[in-house]
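Notes follow the structure.
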Amino acid sequence: SSANLKVDHDQTTGVAVMHMQSPPVNSLSLDFLTEICITLEKLEMDKGCRGLIITSSQPKVFSAGLDILEMYGKSPERCGEFWKAVQEMWLKLYGSNMVTIAAINGSSPAGGCLMSITCDYRIMADNPRYSIGLNETMLGIVAPFWFKETMVNTVGHRNTEISLELGLLYKPAEALNIGLVDQLVPEDQVLSAATQTMTKWLAIPEHARQITKSMMRKSTIEKLRSNREADIQNFVNFITKESIQKSLRMYMEMLKQKKA
Ligand code: CO8
């Protein structure tokens with residue numbers, strides 16, 4: 001465990017629960033991403049950890065996605081460093097040998113949705129106030145190819161095309177309907193349902209399951225792994241454009257107004 005992550009590792013079951021507790025909304029800043037990556041690395045290396053459940057300790061929110069302030073008014077160098085950390089988190093989660101389950105106990109836009117769809121299985125709280133999706137276009141930005149491919153691998157080409165073009169955020173029932181989440185449960189049962197599902201997944205012969213997971217995800221992972229530097233350059237060039245900075249500013253103002 002570290003400042004913004006609480007990790008409960010049950011040595012008898014081999015399951016770790018990672019609680020995100022970065023107030024107010026678990027937005028993924030460079031620091032928080034770095035913390036997450038260090039924790040994932042440790043768990044991955046630990047032979048006593050075979051399953052990982054990711055959940056939130058913050059009320060109403062799983063994760064608000066990438067920290068918008070990391071993309072606004074920052075130097076190209078800093079933006080590059082930030083993006084490298086986003087890549088790293090995705091590579092670690094999508095390529096994990098552990099069984100990973102997202103226990104989505106709150107809203108999960110953009111980068112929060114990305115985290116969720118890197119997991120093997122998603123259980124969401126059945127609360128219509130929560131939503132999940134890749135809403136990047138609503139911020140005037142474009143989800144990169146590896147976000148898009150993770151989504152295609154989850155909900156198929158047509159659902160991805162509609163949801164990314166329109167920047168849709170889905171209520172839990174709609175998310176279940178397109179297969180963006182696998183199961184809905186009452187809010188107070190998200191973690192227990194995740195634990196139950198984990199038991200089933202861990203009963204499968206481990207080596208066969210791991211090789212199968214890797215076979216399903218390999219081509220997507222390789223595409224980023226062999227293009228990391230170019231992907232960073234793309235991001236930096238795009239995000240530092242004056243027009244994009246303006247879009248982000250307007251989106252942040254909209255968030256503030258919604259609050260007032
Ligand atoms: N980054 C930074 N700050 C945030 C973020 C965020 N993603 N989300 C919320 N905050 C801030 C709010 O501005 C607010 O700040 P303050 O208290 O100073 O006013 C505080 O967190 C609390 O937020 P809310 O009052 O809105 O809290 P609610 O509980 O009412 O709502 C939500 C929570 C639903 C999460 C809501 O805050 C929300 O919708 N946030 C925006 C989510 C979003 O659209 N994120 C997208 C981020 S972009 C991304 O993840 C992928 C980018 C891919 C890059 C593309 C390449 C170019």
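Lettering and numbering for the structure tokens are positional, with chains as A, B, ... in the shown order, residues counted from 1 in each chain, and ligands counted from 1 in the shown order.
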List every residue of segment 79-124 of chain A that has an atom at most 12 Å from any atom of segment 132-151 of chain A, and for each one report the closest atom pair and its distance in Å to one decimal, counting only C-alpha atoms, with rows sorted by chain and then by increasing residue number, as CSV.
residue,atom,partner,partner_atom,distance
A:Trp83,CA,A:Pro144,CA,11.2
A:Val86,CA,A:Phe147,CA,10.8
A:Gln87,CA,A:Trp146,CA,9.2
A:Trp90,CA,A:Trp146,CA,8.9
A:Leu91,CA,A:Trp146,CA,10.0
A:Leu93,CA,A:Thr150,CA,11.5
A:Tyr94,CA,A:Thr150,CA,8.6
A:Gly95,CA,A:Thr150,CA,11.6
A:Ile104,CA,A:Ile132,CA,9.2
A:Asn105,CA,A:Ile132,CA,10.8
A:Gly106,CA,A:Ile132,CA,8.7
A:Ser107,CA,A:Ile132,CA,6.0
A:Ser108,CA,A:Ile132,CA,4.6
A:Pro109,CA,A:Ile132,CA,5.0
A:Ala110,CA,A:Leu134,CA,4.3
A:Gly111,CA,A:Leu134,CA,7.4
A:Gly112,CA,A:Ile132,CA,7.9
A:Cys113,CA,A:Gly133,CA,5.5
A:Leu114,CA,A:Phe147,CA,6.5
A:Met115,CA,A:Phe147,CA,9.7
A:Ser116,CA,A:Ile132,CA,9.2
A:Ile117,CA,A:Thr150,CA,6.7
A:Thr118,CA,A:Thr150,CA,6.9
A:Cys119,CA,A:Thr150,CA,10.1
A:Asp120,CA,A:Thr150,CA,11.5
A:Arg122,CA,A:Ile132,CA,11.3
A:Ile123,CA,A:Ile132,CA,11.8
A:Met124,CA,A:Ile132,CA,9.4
Please write the residues from the selection above to a file, keeping N, CA and C atoms, as a compact mmCIF listing (two decimals), in the first residue's frame.
# COMPACT_ATOMS: atom_id res chain seq x y z
N TRP A 83 2.37 10.88 -20.66
CA TRP A 83 1.82 9.89 -21.60
C TRP A 83 2.53 8.55 -21.49
N VAL A 86 0.91 6.70 -18.83
CA VAL A 86 -0.39 6.15 -19.21
C VAL A 86 -0.17 4.85 -20.00
N GLN A 87 0.77 4.90 -20.94
CA GLN A 87 1.11 3.69 -21.71
C GLN A 87 1.52 2.56 -20.79
N TRP A 90 -1.32 0.90 -18.98
CA TRP A 90 -2.10 0.05 -19.90
C TRP A 90 -1.36 -1.24 -20.22
N LEU A 91 -0.05 -1.12 -20.52
CA LEU A 91 0.74 -2.32 -20.86
C LEU A 91 0.74 -3.30 -19.70
N LEU A 93 -1.48 -3.58 -17.21
CA LEU A 93 -2.80 -4.16 -16.92
C LEU A 93 -3.26 -5.09 -18.04
N TYR A 94 -3.14 -4.62 -19.28
CA TYR A 94 -3.68 -5.42 -20.39
C TYR A 94 -2.86 -6.69 -20.58
N GLY A 95 -1.56 -6.62 -20.22
CA GLY A 95 -0.69 -7.78 -20.40
C GLY A 95 -0.50 -8.60 -19.14
N ILE A 104 -16.45 -2.02 -10.39
CA ILE A 104 -16.71 -0.63 -10.77
C ILE A 104 -17.85 -0.07 -9.90
N ASN A 105 -17.45 0.56 -8.82
CA ASN A 105 -18.43 1.02 -7.84
C ASN A 105 -18.68 2.52 -7.95
N GLY A 106 -18.69 3.03 -9.18
CA GLY A 106 -18.96 4.45 -9.40
C GLY A 106 -18.70 4.79 -10.86
N SER A 107 -18.78 6.08 -11.17
CA SER A 107 -18.60 6.50 -12.57
C SER A 107 -17.20 6.20 -13.06
N SER A 108 -17.11 5.95 -14.36
CA SER A 108 -15.85 5.48 -14.91
C SER A 108 -15.65 5.99 -16.34
N PRO A 109 -15.53 7.33 -16.47
CA PRO A 109 -15.36 7.88 -17.82
C PRO A 109 -13.92 7.73 -18.33
N ALA A 110 -13.78 7.76 -19.65
CA ALA A 110 -12.49 7.88 -20.35
C ALA A 110 -11.42 6.94 -19.78
N GLY A 111 -10.36 7.50 -19.20
CA GLY A 111 -9.29 6.66 -18.67
C GLY A 111 -9.76 5.67 -17.61
N GLY A 112 -10.86 6.00 -16.92
CA GLY A 112 -11.43 5.06 -15.95
C GLY A 112 -12.03 3.86 -16.66
N CYS A 113 -12.67 4.14 -17.79
CA CYS A 113 -13.21 3.07 -18.63
C CYS A 113 -12.07 2.24 -19.21
N LEU A 114 -11.01 2.93 -19.64
CA LEU A 114 -9.85 2.21 -20.20
C LEU A 114 -9.30 1.21 -19.18
N MET A 115 -9.12 1.68 -17.95
CA MET A 115 -8.64 0.77 -16.89
C MET A 115 -9.56 -0.44 -16.77
N SER A 116 -10.86 -0.17 -16.78
CA SER A 116 -11.84 -1.24 -16.61
C SER A 116 -11.74 -2.27 -17.74
N ILE A 117 -11.62 -1.79 -18.97
CA ILE A 117 -11.64 -2.74 -20.10
C ILE A 117 -10.30 -3.44 -20.31
N THR A 118 -9.27 -3.04 -19.57
CA THR A 118 -8.05 -3.85 -19.61
C THR A 118 -8.21 -5.10 -18.76
N CYS A 119 -9.23 -5.11 -17.89
CA CYS A 119 -9.40 -6.25 -16.99
C CYS A 119 -10.03 -7.43 -17.72
N ASP A 120 -9.98 -8.61 -17.09
CA ASP A 120 -10.58 -9.81 -17.68
C ASP A 120 -12.10 -9.80 -17.55
N ARG A 122 -15.66 -7.40 -15.77
CA ARG A 122 -16.14 -6.15 -15.17
C ARG A 122 -17.48 -6.34 -14.45
N ILE A 123 -17.51 -5.92 -13.20
CA ILE A 123 -18.76 -5.95 -12.44
C ILE A 123 -19.05 -4.51 -12.03
N MET A 124 -20.26 -4.04 -12.36
CA MET A 124 -20.56 -2.63 -12.07
C MET A 124 -21.74 -2.50 -11.12
* **Shell of 10 Å around segment 189-206 of chain A, only C-alpha atoms, local chain residues under 3 positions omitted, as an MDAnalysis selection string** => chainID A and resid 13:17 50:55 97:105 120:126 183:186 209:212
* To do: Skip Val25 of chain A itself and residues of its chain fewer than 4 positions away, then list as a PyMOL selection string all residues within 9 Å of it, counting only C-alpha atoms.
  => chain A and resi 21+58-65
Could those residues be written to a file, using C-alpha atoms, as a PDB file, in the first residue's frame?
ATOM      1  CA  GLN A  21      -8.136   6.399  -2.851  1.00  0.00           C
ATOM      2  CA  GLN A  58     -13.944   7.275  -3.261  1.00  0.00           C
ATOM      3  CA  PRO A  59     -17.718   7.709  -3.109  1.00  0.00           C
ATOM      4  CA  LYS A  60     -19.619   7.636  -6.437  1.00  0.00           C
ATOM      5  CA  VAL A  61     -16.543   7.472  -8.655  1.00  0.00           C
ATOM      6  CA  PHE A  62     -14.409   4.569  -9.826  1.00  0.00           C
ATOM      7  CA  SER A  63     -11.981   6.874 -11.651  1.00  0.00           C
ATOM      8  CA  ALA A  64     -12.559  10.184 -13.453  1.00  0.00           C
ATOM      9  CA  GLY A  65      -9.942   9.129 -16.000  1.00  0.00           C
TER      10      GLY A  65
END
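The smallest atom-to-atom distance between ligand 1 and any of A:Ala85, A:Leu69, A:Asn159, A:Leu169, using only C-alpha atoms and all ligand atoms, is found for A:Leu69.
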* Counting only C-alpha atoms, the residue of A:Val236, A:Val152, A:Leu5, A:Ala260 that sits nearest Lys84 of chain A ->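 Closest candidate: A:Val236.
Between atom 45 (N, counted along the ligand's line) of ligand 1 and atom CA of Asp67 of chain A there is a distance of 7.3 Å.
Closest approach to Ser75 of chain A among A:Ala208, A:Ile221, A:Ile239, A:Met250 is made by A:Ile239 (distances from only C-alpha atoms).
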